[in-house]
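Novice: Sending over query01.txt (compact mmCIF, C-alpha atoms).
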```
# COMPACT_ATOMS: atom_id res chain seq x y z
CA MET A 1 35.90 0.31 0.05
CA PRO A 2 38.43 2.23 2.15
CA GLU A 3 37.73 2.47 5.84
CA GLY A 4 35.54 5.42 6.68
CA ALA A 5 34.27 5.87 3.15
CA SER A 6 30.54 5.86 2.63
CA LYS A 7 28.29 5.46 -0.36
CA LYS A 8 24.99 7.02 -1.21
CA PHE A 9 22.27 4.36 -0.80
CA MET A 10 18.73 4.83 -2.01
CA PHE A 11 15.91 2.48 -1.05
CA VAL A 12 13.00 2.59 -3.47
CA ASN A 13 9.75 1.34 -1.97
CA ARG A 14 6.95 0.56 -4.42
CA THR A 15 4.83 -1.98 -2.55
CA ALA A 16 1.97 -1.61 -0.12
CA PRO A 17 2.52 -2.83 3.45
CA TYR A 18 1.17 -6.22 4.70
CA GLY A 19 0.04 -7.63 1.33
CA THR A 20 3.62 -8.73 0.73
CA VAL A 21 6.70 -8.77 2.95
CA TYR A 22 8.68 -6.28 0.83
CA ALA A 23 7.96 -3.20 2.94
CA LEU A 24 9.09 -4.84 6.17
CA GLU A 25 12.18 -6.33 4.52
CA SER A 26 13.10 -2.93 3.14
CA LEU A 27 13.01 -1.42 6.63
CA GLU A 28 15.28 -4.18 7.92
CA VAL A 29 17.88 -3.53 5.25
CA VAL A 30 17.62 0.24 5.73
CA LEU A 31 18.45 -0.12 9.43
CA ILE A 32 21.37 -2.45 8.69
CA THR A 33 22.75 -0.06 6.08
CA ALA A 34 22.43 2.90 8.41
CA ALA A 35 24.27 0.94 11.11
CA PHE A 36 27.24 0.78 8.74
CA ASP A 37 27.31 4.58 8.59
CA GLN A 38 26.25 4.81 4.99
CA GLU A 39 24.39 7.76 3.54
CA VAL A 40 20.83 6.49 3.31
CA CYS A 41 17.70 7.91 1.76
CA LEU A 42 14.27 6.36 1.26
CA VAL A 43 11.91 6.90 -1.62
CA PHE A 44 8.22 6.01 -1.64
CA VAL A 45 6.43 5.74 -4.96
CA ASP A 46 3.35 3.98 -6.34
CA ASP A 47 1.74 1.72 -3.69
CA GLY A 48 4.84 2.26 -1.53
CA VAL A 49 3.32 5.50 -0.28
CA TRP A 50 0.71 3.45 1.60
CA GLN A 51 3.52 2.33 3.93
CA LEU A 52 3.49 5.81 5.44
CA LYS A 53 -0.27 6.15 5.87
CA LYS A 54 -1.12 7.42 9.34
CA GLY A 55 -3.37 5.30 11.57
CA GLN A 56 -2.50 1.70 10.73
CA GLN A 57 -4.21 -0.76 13.11
CA THR A 58 -3.06 -4.32 12.50
CA LYS A 59 -4.63 -6.15 15.44
CA GLY A 60 -7.37 -7.54 13.19
CA ILE A 61 -4.93 -9.17 10.79
CA GLU A 62 -2.67 -10.41 13.59
CA THR A 63 0.40 -8.88 11.98
CA LYS A 64 3.02 -6.58 13.48
CA ASN A 65 2.33 -2.92 12.80
CA PHE A 66 5.76 -1.73 11.69
CA SER A 67 4.69 1.78 10.69
CA PRO A 68 5.99 3.39 13.94
CA THR A 69 9.48 2.37 12.81
CA TYR A 70 9.42 5.06 10.12
CA ARG A 71 9.27 7.63 12.90
CA ALA A 72 12.32 6.09 14.56
CA LEU A 73 14.45 6.34 11.43
CA GLU A 74 15.84 9.73 12.41
CA ASP A 75 17.40 8.08 15.46
CA TYR A 76 19.48 6.10 12.97
CA ASP A 77 20.42 9.27 11.11
CA VAL A 78 18.06 8.35 8.28
CA GLU A 79 16.40 11.69 7.71
CA LYS A 80 15.93 11.88 3.98
CA LEU A 81 12.51 10.53 3.02
CA TYR A 82 11.11 11.36 -0.39
CA VAL A 83 7.60 10.78 -1.70
CA GLU A 84 6.49 11.15 -5.28
CA ARG A 85 3.78 13.77 -5.75
CA GLU A 86 2.06 11.82 -8.55
CA SER A 87 1.77 8.68 -6.40
CA LEU A 88 0.11 10.60 -3.56
CA ASP A 89 -2.34 12.25 -5.95
CA ALA A 90 -3.37 8.95 -7.56
CA ARG A 91 -4.27 7.61 -4.12
CA GLY A 92 -6.12 10.62 -2.78
CA LEU A 93 -3.42 11.16 -0.16
CA ALA A 94 -1.98 14.41 1.17
CA GLU A 95 1.24 15.04 3.13
CA ASP A 96 -0.92 15.38 6.22
CA ASP A 97 -1.99 11.71 5.87
CA LEU A 98 1.57 10.50 6.41
CA ILE A 99 3.08 9.30 9.70
CA VAL A 100 6.39 11.15 9.20
CA ALA A 101 7.64 14.39 7.70
CA VAL A 102 8.74 13.82 4.11
CA THR A 103 9.89 15.77 1.10
CA VAL A 104 7.33 15.53 -1.69
CA LEU A 105 8.88 15.68 -5.15
CA PRO A 106 7.53 15.44 -8.68
CA ALA A 107 8.65 12.41 -10.70
CA ALA A 108 11.25 14.31 -12.69
CA GLU A 109 12.99 15.60 -9.55
CA LEU A 110 13.00 12.12 -8.08
CA GLY A 111 14.64 10.81 -11.22
CA LYS A 112 17.47 13.31 -10.88
CA LEU A 113 17.98 12.26 -7.28
CA MET A 114 18.14 8.59 -8.32
CA ALA A 115 20.78 9.38 -10.88
CA GLU A 116 23.03 10.76 -8.13
CA GLN A 117 23.11 7.54 -6.08
CA ASP A 118 25.92 4.99 -5.81
CA VAL A 119 23.53 2.15 -4.93
CA VAL A 120 19.80 1.81 -5.52
CA LEU A 121 17.89 -1.03 -3.85
CA SER A 122 14.29 -1.76 -4.83
CA PHE A 123 11.55 -3.27 -2.71
CA MET B 124 -20.36 -16.54 -7.86
CA LEU B 125 -18.33 -14.86 -5.14
CA ASN B 126 -15.43 -13.03 -6.77
CA ILE B 127 -12.46 -12.31 -4.49
CA VAL B 128 -9.74 -9.79 -5.31
CA ASN B 129 -6.65 -9.48 -3.11
CA LYS B 130 -4.36 -7.30 -5.25
CA SER B 131 -4.05 -3.51 -5.24
CA PRO B 132 -5.91 -2.05 -8.24
CA LEU B 133 -3.19 0.60 -8.44
CA ASP B 134 -0.50 -2.01 -8.95
CA ARG B 135 -2.07 -5.03 -10.66
CA ASN B 136 -4.94 -5.62 -13.09
CA ALA B 137 -6.72 -8.40 -11.15
CA LEU B 138 -9.67 -6.13 -10.35
CA ASP B 139 -9.91 -4.95 -13.95
CA ALA B 140 -9.94 -8.53 -15.19
CA CYS B 141 -12.66 -9.43 -12.69
CA LEU B 142 -14.84 -6.46 -13.58
CA ARG B 143 -14.34 -7.05 -17.30
CA ILE B 144 -15.11 -10.76 -17.28
CA ALA B 145 -17.19 -11.77 -14.26
CA ALA B 146 -20.96 -12.06 -14.52
CA PRO B 147 -22.92 -9.87 -12.07
CA GLY B 148 -22.83 -11.19 -8.51
CA ALA B 149 -20.71 -10.54 -5.46
CA LEU B 150 -17.26 -8.99 -5.21
CA LEU B 151 -15.20 -9.25 -2.04
CA LEU B 152 -12.09 -7.10 -1.66
CA ILE B 153 -9.44 -8.40 0.75
CA GLU B 154 -5.75 -7.76 1.57
CA ASP B 155 -4.30 -5.16 -0.84
CA GLY B 156 -7.54 -5.42 -2.81
CA VAL B 157 -9.21 -3.17 -0.23
CA TYR B 158 -7.47 -0.14 -1.74
CA ALA B 159 -10.13 -0.41 -4.46
CA ALA B 160 -12.84 0.22 -1.87
CA ILE B 161 -11.83 3.72 -0.86
CA ARG B 162 -12.65 7.24 -1.95
CA GLY B 163 -10.24 9.59 -3.64
CA THR B 164 -8.06 7.19 -5.61
CA ALA B 165 -7.54 7.12 -9.36
CA VAL B 166 -9.59 3.89 -9.55
CA GLU B 167 -12.57 4.98 -7.45
CA ALA B 168 -14.84 5.30 -10.49
CA ARG B 169 -14.33 1.64 -11.38
CA ILE B 170 -15.90 0.50 -8.12
CA THR B 171 -18.70 3.05 -8.17
CA ALA B 172 -19.54 1.81 -11.69
CA ALA B 173 -19.26 -1.82 -10.58
CA LEU B 174 -21.80 -1.23 -7.79
CA ALA B 175 -24.51 -1.36 -10.46
CA ARG B 176 -23.62 -4.99 -11.22
CA PHE B 177 -22.01 -6.33 -8.05
CA ARG B 178 -22.69 -6.41 -4.35
CA VAL B 179 -19.30 -5.14 -3.18
CA TYR B 180 -17.78 -6.07 0.17
CA ALA B 181 -14.46 -5.13 1.76
CA LEU B 182 -12.77 -6.88 4.69
CA LEU B 183 -12.63 -4.49 7.65
CA PRO B 184 -9.49 -5.88 9.35
CA ASP B 185 -7.59 -5.30 6.09
CA LEU B 186 -8.98 -1.76 5.76
CA GLU B 187 -7.97 -1.00 9.36
CA ALA B 188 -4.45 -2.41 8.95
CA ARG B 189 -3.97 -0.11 5.97
CA ALA B 190 -5.50 2.90 7.76
CA VAL B 191 -8.21 3.43 5.15
CA ALA B 192 -11.33 2.19 6.98
CA ASP B 193 -12.54 5.79 7.35
CA ARG B 194 -12.76 6.41 3.60
CA VAL B 195 -14.81 3.51 2.26
CA ILE B 196 -16.93 4.32 -0.80
CA ASP B 197 -20.68 4.61 -0.15
CA GLY B 198 -22.39 1.41 -1.21
CA VAL B 199 -19.47 -0.84 -0.29
CA THR B 200 -20.27 -3.07 2.69
CA THR B 201 -17.51 -3.71 5.22
CA ILE B 202 -17.44 -7.15 6.81
CA GLY B 203 -15.32 -9.10 9.31
CA TYR B 204 -13.96 -12.62 9.07
CA ASP B 205 -17.34 -14.00 10.18
CA GLY B 206 -18.99 -12.16 7.30
CA PHE B 207 -16.33 -13.56 4.96
CA VAL B 208 -17.29 -17.09 6.06
CA ASP B 209 -21.00 -16.32 5.58
CA LEU B 210 -20.37 -15.05 2.03
CA VAL B 211 -18.43 -18.17 1.10
CA ALA B 212 -21.18 -20.36 2.56
CA GLU B 213 -23.92 -18.43 0.72
CA HIS B 214 -22.37 -18.82 -2.71
CA ASP B 215 -22.13 -21.98 -4.76
CA ALA B 216 -18.60 -21.13 -5.83
CA CYS B 217 -15.78 -18.67 -5.26
CA GLN B 218 -13.31 -17.31 -7.73
CA SER B 219 -10.08 -15.72 -6.56
CA TRP B 220 -8.69 -13.30 -9.14
CA LEU B 221 -5.04 -13.64 -8.17
```
Take the structure I supplied and represent it as structure tokens, if you would.
Specialist:
Amino acid sequence: MPEGASKKFMFVNRTAPYGTVYALESLEVVLITAAFDQEVCLVFVDDGVWQLKKGQQTKGIETKNFSPTYRALEDYDVEKLYVERESLDARGLAEDDLIVAVTVLPAAELGKLMAEQDVVLSF
Amino acid sequence: MLNIVNKSPLDRNALDACLRIAAPGALLLIEDGVYAAIRGTAVEARITAALARFRVYALLPDLEARAVADRVIDGVTTIGYDGFVDLVAEHDACQSWL
């Protein structure tokens, strides 16, 4: 890749936080990718939308609460967060339940966005 | 029998298998399984129906970690780790539906 060139990276998050390590690992790779000045966007679908649920309190499970990190993403110039409408609906969640501002898209729109990416990484 | 489910019902069919096969008794939802215990999801009706056959419990620390402790379905009992231990001690056997 020539110096200064950047690719469009999409991170697709489909797993709930804490039950597995995927959500946390995704965040790590997102931050690394952003540090290399790549164009990064995040997508949350299926149980991945739970990652953004407001009010997580992890003291009882003695695990790090990494949800505040989603709010810090804009400091890394990661500002494009997309959530699938159908996934929110199936979980009884509204935009207001989420810890950060996101763009809610129907599945078909999300698919178009995916098709435009250079790299798609799934977690 | 104490049946334990730790997988999200919106992602895996562990809960469905448990509810289809297990004889009436106790059902404990832990880890990502606690998403079955809350109102407003596409699978809510499965738990409300199961309440006729099972005493249903959900682990509070897991509900709190996932920020859903405030939307537990009526009839589901929330318990802590001490309650978890009591349940295991009360039952002759446990089955984890992994």
Novice: In Å, with one decimal, what is the gap from CA of Glu187 in chain B to CA of Glu79 in chain A?
Specialist: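 Atom-to-atom, CA of Glu187 in chain B to CA of Glu79 in chain A, that is 27.5 Å.
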Novice: Can you tell me which residues surround Trp50 in chain A at a distance of at most 10 Å, considering all atoms listed in the file, apart from same-chain residues fewer than 4 positions away, and format the answer as number ranges by chain?
Specialist: A: 13-17, 23, 44-46, 54, 56, 87-88, 91, 93, 97-98; B: 158, 189-191
Novice: Mind checking which residues fall within 12 Å of Leu150 in chain B, counting only C-alpha atoms, ignoring those fewer than 5 positions away in the same chain, and posting them as a PyMOL selection string?
Specialist: chain B and resi 124-129+138+141-142+145+156-157+159-160+170+173-182+199-201+207+210-211+214+217-220
Novice: Can you tell me how far CA of Thr33 in chain A sits from CA of Leu121 in chain A, in Å to one decimal?
Specialist: 11.1 Å
Novice: Output as a tab-separated table (two decimals) with C-alpha atoms, in the frame of the given file the set of chain A residues within 6 Å of chain B, with distances taken over all atoms listed in the file.
Specialist:
```tsv
chain	number	residue	atom	x	y	z
A	19	GLY	CA	0.04	-7.63	1.33
A	55	GLY	CA	-3.37	5.30	11.57
A	56	GLN	CA	-2.50	1.70	10.73
A	57	GLN	CA	-4.21	-0.76	13.11
A	58	THR	CA	-3.06	-4.32	12.50
A	60	GLY	CA	-7.37	-7.54	13.19
A	61	ILE	CA	-4.93	-9.17	10.79
A	90	ALA	CA	-3.37	8.95	-7.56
A	91	ARG	CA	-4.27	7.61	-4.12
A	92	GLY	CA	-6.12	10.62	-2.78
```
Novice: Using only C-alpha atoms, list the residues that have an atom at most 7 Å from (12.8, 8.3, -1.2), coordinates as in the file, as a ChimeraX atom specification.
Specialist: /A:10-12,41-44,81-83
Novice: Under the rule that only C-alpha atoms are counted, which of A:Asp89, A:Glu116, A:Asp37, A:Glu28 is the nearest residue to Asp77 in chain A?
Specialist: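 Looking at the shortest contact to Asp77 in chain A, the residue is A:Asp37.
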Novice: What is the CA of Ala146 in chain B-CA of Ala168 in chain B distance in Å, reported with one decimal?
Specialist: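 Between CA of Ala146 in chain B and CA of Ala168 in chain B the gap is 18.8 Å.
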Novice: Taking into account all atoms listed in the file, which residue in the set A:Thr20, A:Leu73, A:Leu52, A:Lys7 is nearest to Ala94 in chain A?
Specialist: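 Of all the options, A:Leu52 lies closest to Ala94 in chain A.
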Novice: Within 8 Å of Ala107 in chain A, counting only C-alpha atoms, which residues qualify if same-chain residues fewer than 5 places away don't, as a list in words?
Specialist: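 Result of the neighbour search: Glu84, Arg85 and Glu86 of chain A.
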Novice: Go through B:Leu151, B:Val195, B:Leu221, B:Thr171 one by one, measure the shortest atom-to-atom distance of each to Asp209 in chain B using all atoms listed in the file, and give the residue with the smallest value.
Specialist: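 Once distances to Asp209 in chain B are computed over all atoms listed in the file, the minimum belongs to B:Leu151.
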